[in-house]
Amino acid sequence: MRRLPSRRLTALAALTVTAVAALATAGCGDGESAATAGGDSGPVTLRLGYFPNITHAPAVVGVEKGIFAEKLGSNVKLDTKTFNAGPAAIEAIFSGALDATYIGPNPTVNAFSKSKGEAVRVVSGAASGGVALVVKPNITSVEDLRGKKIATPQLGNTQDVAIRYWLKEKGLTTTKEGGGDVKIVPQENAQTIETFGSGAIDGAWVPEPFVSRLVNAGGKVLVDERDLWPDKKFVITNLIVSTKFLKAHPDVVKKLVEGQVAANEFVNTKPDEAQQAISDHIGKITGKPLDLKLIKQAWPTLEFLNDPIASSLKAGLDHAVAVQLTQPVDLNGLYDLSFLNEVLKAQGKPEVPQP
């Protein structure tokens with residue numbers, strides 16, 4: 001066998017080192033250094049969004065009790081941001097200001113659709129239920145809603161789609177402009193409490209804790225949305241991650257999912273402590289703790305689970321198309337439950353089928 005001159009061997013070695021370094025840097029993407037890609041070789045910041053309310057209980061408890069910080073470890077800095085509406089959280093994802101967020105199904109679909117399937121992935125479920133139509137006591141049937149004004153949190157949001165589709169199924173019409181057999185009036189949930197009390201609206205299709213607040217203000221539940229879904233389960237909150245962050249830091253995403261599973265375990269096994277943590281944490285954010293009695297009143301209507309209930313998200317999209325609030329969307333590729341199933345399998349828990 002012919003031996004290469006030592007100078008050529010040195011040149012080849014240098015080229016090999018250069019190529020390996022180039023591949024490592026390219027794998028980081030968008031200016032990230034090889035030292036931070038993956039998260040274990042250098043410090044990483046995870047910017048996590050959530051809403052300060054009961055339907056985001058796993059997130060609130062996970063932050064308040066230090067569960068996420070523990071699972072992420074000392075090499076990951078947790079930077080939390082709170083939001084009051086899904087569109088703002090999605091805009092933060094799009095702008096690069098947020099890496100992951102707890103969010104409802106409709107904004108999830110919108111983010112996936114607007115980015116042509118590129119921007120986000122659902123990595124875990126979080127919560128199911130906690131939504132109802134609360135009305136004035138004199139309304140006893142769907143026919144009694146004819147000519148009435150019913151509030152929803154936002155035009156085209158998850159609850160807005162739900163009531164419009166339900167009314168359509170019952171033979172009653174609505175329009176985006178607030179016309180039709182039933183007048184849908186999108187407004188802030190906090191405002192809904194006031195307008196219901198003043199008589200400006202006759203009811204509202206809203207999530208907790210606003211369901212309980214309206215009941216305490218003299219309303220009654222006409223429709224518990226759980227009754228409209230198979231096994232009374234439908235996604236109200238799931239956890240999505242920026243695809244860019246997921247590709248750059250898969251190990252950090254796995255640790256985040258470990259935190260989500262641990263937070264749900266805490267919420268389900270220590271409900272009293274979880275409820276107190278929610279009250280305290282919301283107080284730190286808003287300046288006023290959420291009434292513990294209100295949390296306990298709303299609690300039984302919610303189920304905290306790691307399954308994102310993908311079938312209900314798909315059905316919700318179909319409902320939005322049916323009431324002409326969106327166009328059909330191909331959801332193929334939206335879910336990446338590989339991290340969740342790794343965590344569940346390691347703990348001896350049933351895995352969630354990949355949609």
# chains A, B, ... in the order shown; residues from 1 in each chain; ligands from 1
$ residues_around --residues "range 124-131 of chain A" --least-positions-apart "3" --cutoff "9 Å" --atoms "only C-alpha atoms" --output "tab-separated table (two decimals) with all heavy atoms, in the first residue's frame"
chain	number	residue	atom	x	y	z
A	54	ILE	N	-57.40	29.39	35.19
A	54	ILE	CA	-57.55	28.01	35.67
A	54	ILE	C	-57.33	26.99	34.57
A	54	ILE	O	-56.79	25.91	34.81
A	54	ILE	CB	-58.96	27.82	36.30
A	54	ILE	CG1	-59.16	28.81	37.45
A	54	ILE	CG2	-59.12	26.40	36.83
A	54	ILE	CD1	-60.56	28.79	38.02
A	55	THR	N	-57.73	27.31	33.34
A	55	THR	CA	-57.56	26.35	32.25
A	55	THR	C	-56.09	26.13	31.89
A	55	THR	O	-55.77	25.20	31.16
A	55	THR	CB	-58.36	26.79	31.00
A	55	THR	OG1	-57.92	28.09	30.61
A	55	THR	CG2	-59.85	26.81	31.28
A	56	HIS	N	-55.22	26.99	32.40
A	56	HIS	CA	-53.78	26.81	32.23
A	56	HIS	C	-53.13	26.39	33.55
A	56	HIS	O	-51.96	26.67	33.80
A	56	HIS	CB	-53.15	28.12	31.73
A	56	HIS	CG	-53.43	28.41	30.30
A	56	HIS	ND1	-52.45	28.74	29.39
A	56	HIS	CD2	-54.60	28.41	29.60
A	56	HIS	CE1	-53.00	28.95	28.20
A	56	HIS	NE2	-54.30	28.76	28.31
A	57	ALA	N	-53.88	25.68	34.36
A	57	ALA	CA	-53.41	25.28	35.69
A	57	ALA	C	-52.06	24.56	35.68
A	57	ALA	O	-51.20	24.86	36.52
A	57	ALA	CB	-54.46	24.41	36.38
A	58	PRO	N	-51.80	23.61	34.76
A	58	PRO	CA	-50.49	22.95	34.78
A	58	PRO	C	-49.34	23.94	34.61
A	58	PRO	O	-48.30	23.81	35.26
A	58	PRO	CB	-50.56	21.97	33.60
A	58	PRO	CG	-52.02	21.71	33.42
A	58	PRO	CD	-52.69	23.02	33.75
A	59	ALA	N	-49.53	24.94	33.75
A	59	ALA	CA	-48.49	25.94	33.54
A	59	ALA	C	-48.32	26.82	34.77
A	59	ALA	O	-47.19	27.06	35.23
A	59	ALA	CB	-48.84	26.81	32.33
A	102	TYR	N	-48.40	27.58	26.34
A	102	TYR	CA	-49.67	26.90	26.57
A	102	TYR	C	-50.73	27.74	25.86
A	102	TYR	O	-50.72	28.97	25.98
A	102	TYR	CB	-49.97	26.80	28.07
A	102	TYR	CG	-49.16	25.75	28.77
A	102	TYR	CD1	-47.85	26.01	29.17
A	102	TYR	CD2	-49.68	24.48	29.01
A	102	TYR	CE1	-47.08	25.04	29.80
A	102	TYR	CE2	-48.93	23.50	29.65
A	102	TYR	CZ	-47.63	23.78	30.04
A	102	TYR	OH	-46.88	22.81	30.64
A	159	GLN	N	-64.29	29.26	21.73
A	159	GLN	CA	-65.66	29.27	22.24
A	159	GLN	C	-66.64	29.90	21.25
A	159	GLN	O	-67.79	29.49	21.16
A	159	GLN	CB	-65.72	30.03	23.58
A	159	GLN	CG	-65.09	29.29	24.76
A	159	GLN	CD	-63.59	29.35	24.76
A	159	GLN	OE1	-63.01	30.43	24.64
A	159	GLN	NE2	-62.92	28.22	24.88
A	205	TRP	N	-70.94	32.09	26.20
A	205	TRP	CA	-70.25	30.80	26.07
A	205	TRP	C	-68.79	31.08	26.38
A	205	TRP	O	-68.08	31.65	25.57
A	205	TRP	CB	-70.42	30.27	24.65
A	205	TRP	CG	-70.05	28.82	24.45
A	205	TRP	CD1	-68.81	28.26	24.61
A	205	TRP	CD2	-70.91	27.76	24.04
A	205	TRP	NE1	-68.84	26.92	24.32
A	205	TRP	CE2	-70.13	26.57	23.96
A	205	TRP	CE3	-72.27	27.68	23.73
A	205	TRP	CZ2	-70.65	25.34	23.58
A	205	TRP	CZ3	-72.79	26.44	23.35
A	205	TRP	CH2	-72.00	25.29	23.28
A	206	VAL	N	-68.35	30.71	27.58
A	206	VAL	CA	-67.03	31.13	28.08
A	206	VAL	C	-66.34	30.01	28.84
A	206	VAL	O	-66.97	29.04	29.26
A	206	VAL	CB	-67.17	32.36	29.01
A	206	VAL	CG1	-67.51	33.61	28.24
A	206	VAL	CG2	-68.21	32.09	30.10
A	207	PRO	N	-65.02	30.15	29.04
A	207	PRO	CA	-64.28	29.19	29.86
A	207	PRO	C	-64.31	29.60	31.33
A	207	PRO	O	-64.69	30.73	31.67
A	207	PRO	CB	-62.85	29.30	29.31
A	207	PRO	CG	-62.75	30.74	28.89
A	207	PRO	CD	-64.12	31.12	28.37
A	208	GLU	N	-63.88	28.68	32.19
A	208	GLU	CA	-63.70	29.00	33.60
A	208	GLU	C	-62.51	29.96	33.76
A	208	GLU	O	-61.59	29.96	32.94
A	208	GLU	CB	-63.44	27.72	34.41
A	208	GLU	CG	-64.64	26.83	34.57
A	208	GLU	CD	-65.69	27.39	35.52
A	208	GLU	OE1	-65.56	28.55	35.93
A	208	GLU	OE2	-66.65	26.66	35.83
A	209	PRO	N	-62.51	30.83	34.78
A	209	PRO	CA	-63.47	30.88	35.89
A	209	PRO	C	-64.70	31.74	35.60
A	209	PRO	O	-65.51	31.99	36.50
A	209	PRO	CB	-62.64	31.51	37.01
A	209	PRO	CG	-61.75	32.47	36.28
A	209	PRO	CD	-61.39	31.78	34.98
A	210	PHE	N	-64.85	32.17	34.34
A	210	PHE	CA	-65.96	33.08	34.01
A	210	PHE	C	-67.30	32.37	34.03
A	210	PHE	O	-68.33	32.99	34.27
A	210	PHE	CB	-65.68	33.77	32.68
A	210	PHE	CG	-64.42	34.58	32.72
A	210	PHE	CD1	-63.23	34.06	32.22
A	210	PHE	CD2	-64.41	35.82	33.31
A	210	PHE	CE1	-62.05	34.79	32.30
A	210	PHE	CE2	-63.23	36.56	33.40
A	210	PHE	CZ	-62.05	36.04	32.89
A	211	VAL	N	-67.29	31.06	33.79
A	211	VAL	CA	-68.54	30.29	33.94
A	211	VAL	C	-69.04	30.42	35.38
A	211	VAL	O	-70.20	30.77	35.63
A	211	VAL	CB	-68.31	28.80	33.60
A	211	VAL	CG1	-69.55	27.97	33.97
A	211	VAL	CG2	-68.00	28.63	32.11
A	223	VAL	N	-75.73	24.82	28.73
A	223	VAL	CA	-74.97	23.78	28.03
A	223	VAL	C	-73.59	23.66	28.67
A	223	VAL	O	-72.84	24.64	28.72
A	223	VAL	CB	-74.79	24.13	26.53
A	223	VAL	CG1	-73.97	23.03	25.84
A	223	VAL	CG2	-76.14	24.30	25.85
A	224	ASP	N	-73.27	22.47	29.16
A	224	ASP	CA	-71.91	22.14	29.58
A	224	ASP	C	-71.24	21.53	28.35
A	224	ASP	O	-71.67	20.48	27.87
A	224	ASP	CB	-71.95	21.14	30.73
A	224	ASP	CG	-70.56	20.81	31.29
A	224	ASP	OD1	-69.58	20.86	30.51
A	224	ASP	OD2	-70.47	20.49	32.48
A	225	GLU	N	-70.21	22.19	27.82
A	225	GLU	CA	-69.64	21.73	26.56
A	225	GLU	C	-69.11	20.30	26.62
A	225	GLU	O	-69.03	19.61	25.60
A	225	GLU	CB	-68.53	22.67	26.07
A	225	GLU	CG	-68.15	22.38	24.62
A	225	GLU	CD	-67.16	23.36	24.02
A	225	GLU	OE1	-67.04	24.49	24.53
A	225	GLU	OE2	-66.52	22.99	23.02
A	226	ARG	N	-68.78	19.82	27.80
A	226	ARG	CA	-68.32	18.44	27.92
A	226	ARG	C	-69.35	17.46	27.38
A	226	ARG	O	-69.00	16.40	26.84
A	226	ARG	CB	-68.02	18.10	29.38
A	226	ARG	CG	-66.80	18.80	29.95
A	226	ARG	CD	-66.61	18.45	31.42
A	226	ARG	NE	-67.74	18.91	32.23
A	226	ARG	CZ	-67.88	18.64	33.52
A	226	ARG	NH1	-66.95	17.90	34.14
A	226	ARG	NH2	-68.91	19.09	34.21
A	232	LYS	N	-66.80	13.02	27.07
A	232	LYS	CA	-66.78	14.32	27.75
A	232	LYS	C	-65.39	14.96	27.74
A	232	LYS	O	-65.04	15.75	28.61
A	232	LYS	CB	-67.27	14.18	29.20
A	232	LYS	CG	-68.73	13.80	29.34
A	232	LYS	CD	-69.14	13.74	30.80
A	232	LYS	CE	-70.61	13.41	30.97
A	232	LYS	NZ	-71.49	14.50	30.53
A	233	LYS	N	-64.59	14.64	26.71
A	233	LYS	CA	-63.23	15.19	26.64
A	233	LYS	C	-63.05	16.03	25.38
A	233	LYS	O	-63.41	15.60	24.29
A	233	LYS	CB	-62.19	14.07	26.63
A	233	LYS	CG	-62.15	13.22	27.90
A	233	LYS	CD	-61.07	12.16	27.77
A	233	LYS	CE	-61.14	11.14	28.88
A	233	LYS	NZ	-60.88	11.70	30.20
A	234	PHE	N	-62.50	17.21	25.53
A	234	PHE	CA	-62.11	18.05	24.40
A	234	PHE	C	-60.99	18.97	24.86
A	234	PHE	O	-60.95	19.41	26.00
A	234	PHE	CB	-63.29	18.87	23.86
A	234	PHE	CG	-63.83	19.89	24.83
A	234	PHE	CD1	-63.44	21.23	24.74
A	234	PHE	CD2	-64.72	19.53	25.83
A	234	PHE	CE1	-63.93	22.18	25.64
A	234	PHE	CE2	-65.22	20.47	26.72
A	234	PHE	CZ	-64.83	21.80	26.62
A	235	VAL	N	-60.06	19.24	23.97
A	235	VAL	CA	-58.90	20.05	24.35
A	235	VAL	C	-59.30	21.50	24.57
A	235	VAL	O	-59.98	22.10	23.75
A	235	VAL	CB	-57.78	19.95	23.30
A	235	VAL	CG1	-58.24	20.43	21.93
A	235	VAL	CG2	-56.54	20.73	23.75
A	236	ILE	N	-58.89	22.04	25.71
A	236	ILE	CA	-59.06	23.47	25.98
A	236	ILE	C	-57.69	24.15	26.04
A	236	ILE	O	-57.54	25.31	25.70
A	236	ILE	CB	-59.84	23.72	27.30
A	236	ILE	CG1	-60.11	25.21	27.52
A	236	ILE	CG2	-59.13	23.13	28.49
A	236	ILE	CD1	-61.01	25.83	26.49
A	237	THR	N	-56.65	23.37	26.42
A	237	THR	CA	-55.29	23.89	26.45
A	237	THR	C	-54.30	22.80	26.05
A	237	THR	O	-54.40	21.67	26.54
A	237	THR	CB	-54.91	24.37	27.87
A	237	THR	OG1	-55.92	25.25	28.36
A	237	THR	CG2	-53.58	25.10	27.86
A	238	ASN	N	-53.38	23.14	25.14
A	238	ASN	CA	-52.26	22.24	24.86
A	238	ASN	C	-50.96	23.03	24.87
A	238	ASN	O	-50.96	24.25	25.01
A	238	ASN	CB	-52.45	21.45	23.55
A	238	ASN	CG	-52.82	22.27	22.34
A	238	ASN	OD1	-53.52	21.78	21.45
A	238	ASN	ND2	-52.37	23.50	22.25
A	239	LEU	N	-49.86	22.31	24.78
A	239	LEU	CA	-48.53	22.93	24.84
A	239	LEU	C	-47.90	22.84	23.45
A	239	LEU	O	-47.74	21.76	22.90
A	239	LEU	CB	-47.66	22.21	25.86
A	239	LEU	CG	-46.18	22.62	25.95
A	239	LEU	CD1	-46.04	24.10	26.29
A	239	LEU	CD2	-45.45	21.75	26.98
A	240	ILE	N	-47.58	24.02	22.88
A	240	ILE	CA	-46.93	24.05	21.58
A	240	ILE	C	-45.52	24.62	21.72
A	240	ILE	O	-45.24	25.39	22.64
A	240	ILE	CB	-47.73	24.88	20.54
A	240	ILE	CG1	-47.76	26.37	20.92
A	240	ILE	CG2	-49.12	24.32	20.35
A	240	ILE	CD1	-48.38	27.26	19.84
A	257	VAL	N	-41.32	19.02	28.54
A	257	VAL	CA	-42.43	18.05	28.58
A	257	VAL	C	-42.40	17.26	29.89
A	257	VAL	O	-43.46	16.97	30.46
A	257	VAL	CB	-42.37	17.12	27.36
A	257	VAL	CG1	-43.40	15.99	27.48
A	257	VAL	CG2	-42.61	17.90	26.07
A	260	GLN	N	-44.12	19.44	32.24
A	260	GLN	CA	-45.56	19.42	32.02
A	260	GLN	C	-46.20	18.19	32.66
A	260	GLN	O	-47.21	18.28	33.35
A	260	GLN	CB	-45.86	19.47	30.52
A	260	GLN	CG	-47.17	18.85	30.08
A	260	GLN	CD	-48.39	19.46	30.72
A	260	GLN	OE1	-48.40	20.64	31.06
A	260	GLN	NE2	-49.44	18.66	30.91
A	261	VAL	N	-45.60	17.02	32.45
A	261	VAL	CA	-46.13	15.78	33.02
A	261	VAL	C	-46.08	15.83	34.54
A	261	VAL	O	-47.03	15.43	35.23
A	261	VAL	CB	-45.35	14.56	32.48
A	261	VAL	CG1	-45.76	13.28	33.21
A	261	VAL	CG2	-45.58	14.40	30.98
A	264	ASN	N	-48.80	18.24	35.85
A	264	ASN	CA	-50.12	17.62	35.83
A	264	ASN	C	-50.25	16.59	36.95
A	264	ASN	O	-51.33	16.44	37.55
A	264	ASN	CB	-50.38	16.95	34.48
A	264	ASN	CG	-51.30	17.77	33.60
A	264	ASN	OD1	-51.83	18.79	34.03
A	264	ASN	ND2	-51.52	17.33	32.37
A	298	ALA	N	-64.93	25.93	40.18
A	298	ALA	CA	-64.69	25.61	38.78
A	298	ALA	C	-63.96	24.29	38.58
A	298	ALA	O	-64.10	23.64	37.54
A	298	ALA	CB	-63.88	26.74	38.14
A	299	TRP	N	-63.20	23.86	39.56
A	299	TRP	CA	-62.28	22.73	39.44
A	299	TRP	C	-62.92	21.44	38.88
A	299	TRP	O	-62.33	20.79	38.00
A	299	TRP	CB	-61.65	22.45	40.80
A	299	TRP	CG	-60.34	21.75	40.75
A	299	TRP	CD1	-60.09	20.43	41.05
A	299	TRP	CD2	-59.06	22.30	40.42
A	299	TRP	NE1	-58.75	20.14	40.93
A	299	TRP	CE2	-58.10	21.27	40.53
A	299	TRP	CE3	-58.63	23.57	40.02
A	299	TRP	CZ2	-56.74	21.47	40.27
A	299	TRP	CZ3	-57.28	23.78	39.76
A	299	TRP	CH2	-56.36	22.74	39.88
A	300	PRO	N	-64.10	21.03	39.37
A	300	PRO	CA	-64.67	19.75	38.90
A	300	PRO	C	-65.02	19.72	37.41
A	300	PRO	O	-65.20	18.64	36.84
A	300	PRO	CB	-65.95	19.62	39.74
A	300	PRO	CG	-65.72	20.47	40.94
A	300	PRO	CD	-64.92	21.63	40.43
A	301	THR	N	-65.11	20.87	36.76
A	301	THR	CA	-65.47	20.90	35.33
A	301	THR	C	-64.25	20.70	34.44
A	301	THR	O	-64.39	20.58	33.22
A	301	THR	CB	-66.13	22.23	34.95
A	301	THR	OG1	-65.17	23.29	34.99
A	301	THR	CG2	-67.28	22.56	35.90
A	302	LEU	N	-63.05	20.67	35.04
A	302	LEU	CA	-61.82	20.54	34.27
A	302	LEU	C	-61.14	19.20	34.52
A	302	LEU	O	-61.25	18.62	35.61
A	302	LEU	CB	-60.85	21.66	34.65
A	302	LEU	CG	-61.19	23.05	34.09
A	302	LEU	CD1	-60.68	24.13	35.00
A	302	LEU	CD2	-60.62	23.20	32.69
A	303	GLU	N	-60.45	18.73	33.49
A	303	GLU	CA	-59.64	17.52	33.62
A	303	GLU	C	-58.26	17.85	33.09
A	303	GLU	O	-58.12	18.37	31.98
A	303	GLU	CB	-60.25	16.37	32.83
A	303	GLU	CG	-59.50	15.06	32.99
A	303	GLU	CD	-60.17	13.90	32.28
A	303	GLU	OE1	-61.22	14.11	31.67
A	303	GLU	OE2	-59.61	12.78	32.33
A	304	PHE	N	-57.24	17.56	33.89
A	304	PHE	CA	-55.87	17.89	33.50
A	304	PHE	C	-55.17	16.61	33.05
A	304	PHE	O	-54.98	15.67	33.82
A	304	PHE	CB	-55.15	18.56	34.67
A	304	PHE	CG	-55.86	19.80	35.13
A	304	PHE	CD1	-56.62	19.80	36.29
A	304	PHE	CD2	-55.82	20.96	34.36
A	304	PHE	CE1	-57.30	20.94	36.69
A	304	PHE	CE2	-56.49	22.11	34.76
A	304	PHE	CZ	-57.24	22.10	35.92
A	305	LEU	N	-54.83	16.56	31.77
A	305	LEU	CA	-54.28	15.35	31.18
A	305	LEU	C	-53.24	15.69	30.13
A	305	LEU	O	-53.21	16.80	29.60
A	305	LEU	CB	-55.40	14.51	30.58
A	305	LEU	CG	-56.15	14.98	29.34
A	305	LEU	CD1	-57.18	13.92	28.93
A	305	LEU	CD2	-56.86	16.30	29.53
A	306	ASN	N	-52.36	14.74	29.85
A	306	ASN	CA	-51.26	14.98	28.93
A	306	ASN	C	-51.62	14.69	27.47
A	306	ASN	O	-50.92	15.13	26.56
A	306	ASN	CB	-50.04	14.14	29.35
A	306	ASN	CG	-49.59	14.46	30.76
A	306	ASN	OD1	-49.32	15.61	31.09
A	306	ASN	ND2	-49.52	13.45	31.61
A	307	ASP	N	-52.69	13.96	27.27
A	307	ASP	CA	-53.18	13.68	25.91
A	307	ASP	C	-53.76	14.97	25.33
A	307	ASP	O	-54.66	15.56	25.91
A	307	ASP	CB	-54.26	12.60	25.99
A	307	ASP	CG	-54.75	12.15	24.62
A	307	ASP	OD1	-54.51	12.85	23.61
A	307	ASP	OD2	-55.42	11.09	24.55
A	308	PRO	N	-53.27	15.43	24.17
A	308	PRO	CA	-53.81	16.66	23.59
A	308	PRO	C	-55.17	16.48	22.91
A	308	PRO	O	-55.72	17.45	22.40
A	308	PRO	CB	-52.74	17.06	22.57
A	308	PRO	CG	-52.09	15.77	22.18
A	308	PRO	CD	-52.11	14.92	23.42
A	309	ILE	N	-55.69	15.27	22.91
A	309	ILE	CA	-57.01	14.97	22.34
A	309	ILE	C	-57.10	15.55	20.92
A	309	ILE	O	-57.93	16.41	20.61
A	309	ILE	CB	-58.16	15.50	23.22
A	309	ILE	CG1	-57.85	15.29	24.72
A	309	ILE	CG2	-59.49	14.79	22.88
A	309	ILE	CD1	-58.87	15.89	25.65
A	310	ALA	N	-56.24	15.07	20.07
A	310	ALA	CA	-56.11	15.60	18.71
A	310	ALA	C	-57.42	15.52	17.92
A	310	ALA	O	-57.70	16.40	17.10
A	310	ALA	CB	-55.01	14.84	17.96
A	335	TYR	N	-48.57	17.53	15.13
A	335	TYR	CA	-48.24	16.90	16.42
A	335	TYR	C	-46.89	16.19	16.39
A	335	TYR	O	-46.57	15.48	15.44
A	335	TYR	CB	-49.33	15.89	16.80
A	335	TYR	CG	-50.65	16.52	17.14
A	335	TYR	CD1	-51.59	16.79	16.13
A	335	TYR	CD2	-50.98	16.87	18.45
A	335	TYR	CE1	-52.80	17.38	16.44
A	335	TYR	CE2	-52.19	17.46	18.76
A	335	TYR	CZ	-53.09	17.72	17.74
A	335	TYR	OH	-54.29	18.30	18.05
A	336	ASP	N	-46.10	16.43	17.42
A	336	ASP	CA	-44.89	15.66	17.67
A	336	ASP	C	-44.94	15.21	19.12
A	336	ASP	O	-44.54	15.95	20.03
A	336	ASP	CB	-43.64	16.49	17.40
A	336	ASP	CG	-42.35	15.67	17.58
A	336	ASP	OD1	-42.44	14.52	18.07
A	336	ASP	OD2	-41.27	16.18	17.23
A	337	LEU	N	-45.45	14.00	19.32
A	337	LEU	CA	-45.63	13.49	20.69
A	337	LEU	C	-44.51	12.54	21.09
A	337	LEU	O	-44.64	11.81	22.07
A	337	LEU	CB	-46.99	12.79	20.80
A	337	LEU	CG	-48.21	13.64	20.42
A	337	LEU	CD1	-49.50	12.86	20.68
A	337	LEU	CD2	-48.23	14.95	21.18
A	339	PHE	N	-41.54	13.20	22.37
A	339	PHE	CA	-40.98	13.54	23.68
A	339	PHE	C	-41.93	13.11	24.79
A	339	PHE	O	-41.51	12.55	25.80
A	339	PHE	CB	-40.71	15.04	23.77
A	339	PHE	CG	-39.80	15.57	22.71
A	339	PHE	CD1	-40.30	16.21	21.59
A	339	PHE	CD2	-38.42	15.41	22.82
A	339	PHE	CE1	-39.47	16.69	20.60
A	339	PHE	CE2	-37.57	15.89	21.84
A	339	PHE	CZ	-38.09	16.52	20.73
A	340	LEU	N	-43.20	13.39	24.60
A	340	LEU	CA	-44.21	13.02	25.60
A	340	LEU	C	-44.20	11.52	25.83
A	340	LEU	O	-44.21	11.05	26.99
A	340	LEU	CB	-45.59	13.49	25.15
A	340	LEU	CG	-46.78	13.06	26.03
A	340	LEU	CD1	-46.65	13.66	27.42
A	340	LEU	CD2	-48.10	13.49	25.39
$ residues_around --residues "Ile139 in chain A" --least-positions-apart "6" --cutoff "9 Å" --atoms "only C-alpha atoms" --output "PyMOL selection string"
chain A and resi 145+202+220+222
$ write_last_selection --atoms "N, CA, C and O atoms" --output "CSV table (one decimal), in the first residue's frame"
chain,number,residue,atom,x,y,z
A,145,LEU,N,-83.3,31.1,22.9
A,145,LEU,CA,-82.2,31.9,22.6
A,145,LEU,C,-82.5,32.8,21.3
A,145,LEU,O,-81.7,33.7,21.0
A,202,ASP,N,-77.6,38.3,27.3
A,202,ASP,CA,-78.5,37.3,27.9
A,202,ASP,C,-77.8,36.1,28.3
A,202,ASP,O,-78.3,35.2,29.0
A,220,LYS,N,-77.4,30.6,34.9
A,220,LYS,CA,-77.4,29.1,35.1
A,220,LYS,C,-76.8,28.5,33.8
A,220,LYS,O,-76.8,29.1,32.7
A,222,LEU,N,-76.8,26.4,30.8
A,222,LEU,CA,-77.7,25.8,29.8
A,222,LEU,C,-77.0,24.6,29.1
A,222,LEU,O,-77.6,23.6,28.8
$ residues_around --residues "Phe112 in chain A" --least-positions-apart "4" --cutoff "9 Å" --atoms "only C-alpha atoms" --output "VMD selection string"
chain A and resid 107 to 108 116 to 121 329 331 334
$ write_last_selection --atoms "N, CA, C and O atoms" --output "PDB file, in the first residue's frame"
ATOM      1  N   PRO A 107     -56.127  28.970  18.251  1.00  0.00           N
ATOM      2  CA  PRO A 107     -54.873  29.664  17.921  1.00  0.00           C
ATOM      3  C   PRO A 107     -53.783  28.704  17.444  1.00  0.00           C
ATOM      4  O   PRO A 107     -52.941  29.070  16.628  1.00  0.00           O
ATOM      5  N   THR A 108     -53.804  27.478  17.973  1.00  0.00           N
ATOM      6  CA  THR A 108     -52.849  26.462  17.523  1.00  0.00           C
ATOM      7  C   THR A 108     -53.011  26.205  16.033  1.00  0.00           C
ATOM      8  O   THR A 108     -52.036  26.198  15.265  1.00  0.00           O
ATOM      9  N   LYS A 116     -47.997  27.794   7.101  1.00  0.00           N
ATOM     10  CA  LYS A 116     -47.980  26.668   6.152  1.00  0.00           C
ATOM     11  C   LYS A 116     -47.347  25.421   6.780  1.00  0.00           C
ATOM     12  O   LYS A 116     -46.560  24.703   6.151  1.00  0.00           O
ATOM     13  N   GLY A 117     -47.687  25.207   8.041  1.00  0.00           N
ATOM     14  CA  GLY A 117     -47.240  24.010   8.728  1.00  0.00           C
ATOM     15  C   GLY A 117     -45.812  24.053   9.251  1.00  0.00           C
ATOM     16  O   GLY A 117     -45.279  23.031   9.674  1.00  0.00           O
ATOM     17  N   GLU A 118     -45.212  25.238   9.272  1.00  0.00           N
ATOM     18  CA  GLU A 118     -43.789  25.321   9.612  1.00  0.00           C
ATOM     19  C   GLU A 118     -43.497  25.780  11.035  1.00  0.00           C
ATOM     20  O   GLU A 118     -42.486  25.388  11.617  1.00  0.00           O
ATOM     21  N   ALA A 119     -44.335  26.645  11.618  1.00  0.00           N
ATOM     22  CA  ALA A 119     -43.922  27.400  12.815  1.00  0.00           C
ATOM     23  C   ALA A 119     -43.985  26.644  14.129  1.00  0.00           C
ATOM     24  O   ALA A 119     -43.150  26.863  15.009  1.00  0.00           O
ATOM     25  N   VAL A 120     -44.982  25.779  14.314  1.00  0.00           N
ATOM     26  CA  VAL A 120     -45.206  25.191  15.642  1.00  0.00           C
ATOM     27  C   VAL A 120     -45.490  23.698  15.580  1.00  0.00           C
ATOM     28  O   VAL A 120     -45.903  23.172  14.540  1.00  0.00           O
ATOM     29  N   ARG A 121     -45.291  23.054  16.735  1.00  0.00           N
ATOM     30  CA  ARG A 121     -45.659  21.663  16.921  1.00  0.00           C
ATOM     31  C   ARG A 121     -46.326  21.513  18.287  1.00  0.00           C
ATOM     32  O   ARG A 121     -45.884  22.121  19.266  1.00  0.00           O
ATOM     33  N   VAL A 329     -57.813  23.235   6.652  1.00  0.00           N
ATOM     34  CA  VAL A 329     -56.368  23.218   6.896  1.00  0.00           C
ATOM     35  C   VAL A 329     -55.901  21.765   6.977  1.00  0.00           C
ATOM     36  O   VAL A 329     -56.535  20.943   7.642  1.00  0.00           O
ATOM     37  N   LEU A 331     -53.750  19.330   8.674  1.00  0.00           N
ATOM     38  CA  LEU A 331     -53.078  19.315   9.977  1.00  0.00           C
ATOM     39  C   LEU A 331     -51.956  18.287  10.060  1.00  0.00           C
ATOM     40  O   LEU A 331     -51.375  18.086  11.131  1.00  0.00           O
ATOM     41  N   LEU A 334     -48.705  18.498  12.507  1.00  0.00           N
ATOM     42  CA  LEU A 334     -48.887  19.423  13.627  1.00  0.00           C
ATOM     43  C   LEU A 334     -48.385  18.836  14.947  1.00  0.00           C
ATOM     44  O   LEU A 334     -47.838  19.546  15.783  1.00  0.00           O
TER      45      LEU A 334
END
$ select_by_dssp --residues "range 96-330 of chain A" --states "alpha helix (DSSP H)" --output "ChimeraX atom specification"
/A:105-114,158-169,189-198,210-216,243-248,250-269,271-286,292-298,310-322
$ residues_around --residues "range 280-290 of chain A" --least-positions-apart "6" --cutoff "10 Å" --atoms "only C-alpha atoms" --output "list in words"
Phe51, Pro52, Asn53, Ile54, Val60, Val61, Val63, Glu64, Lys65, Thr82, Pro209 and Ala274 of chain A
$ closest_residue --among "A:Val343, A:Leu256, A:Val109, A:Val182" --to "Asp330 in chain A" --atoms "only C-alpha atoms"
A:Val109
$ residues_around --residues "range 186-193 of chain A" --least-positions-apart "4" --cutoff "12 Å" --atoms "only C-alpha atoms" --output "count of residues only"
47
$ residues_around --residues "range 250-252 of chain A" --least-positions-apart "4" --cutoff "12 Å" --atoms "only C-alpha atoms" --output "count of residues only"
43
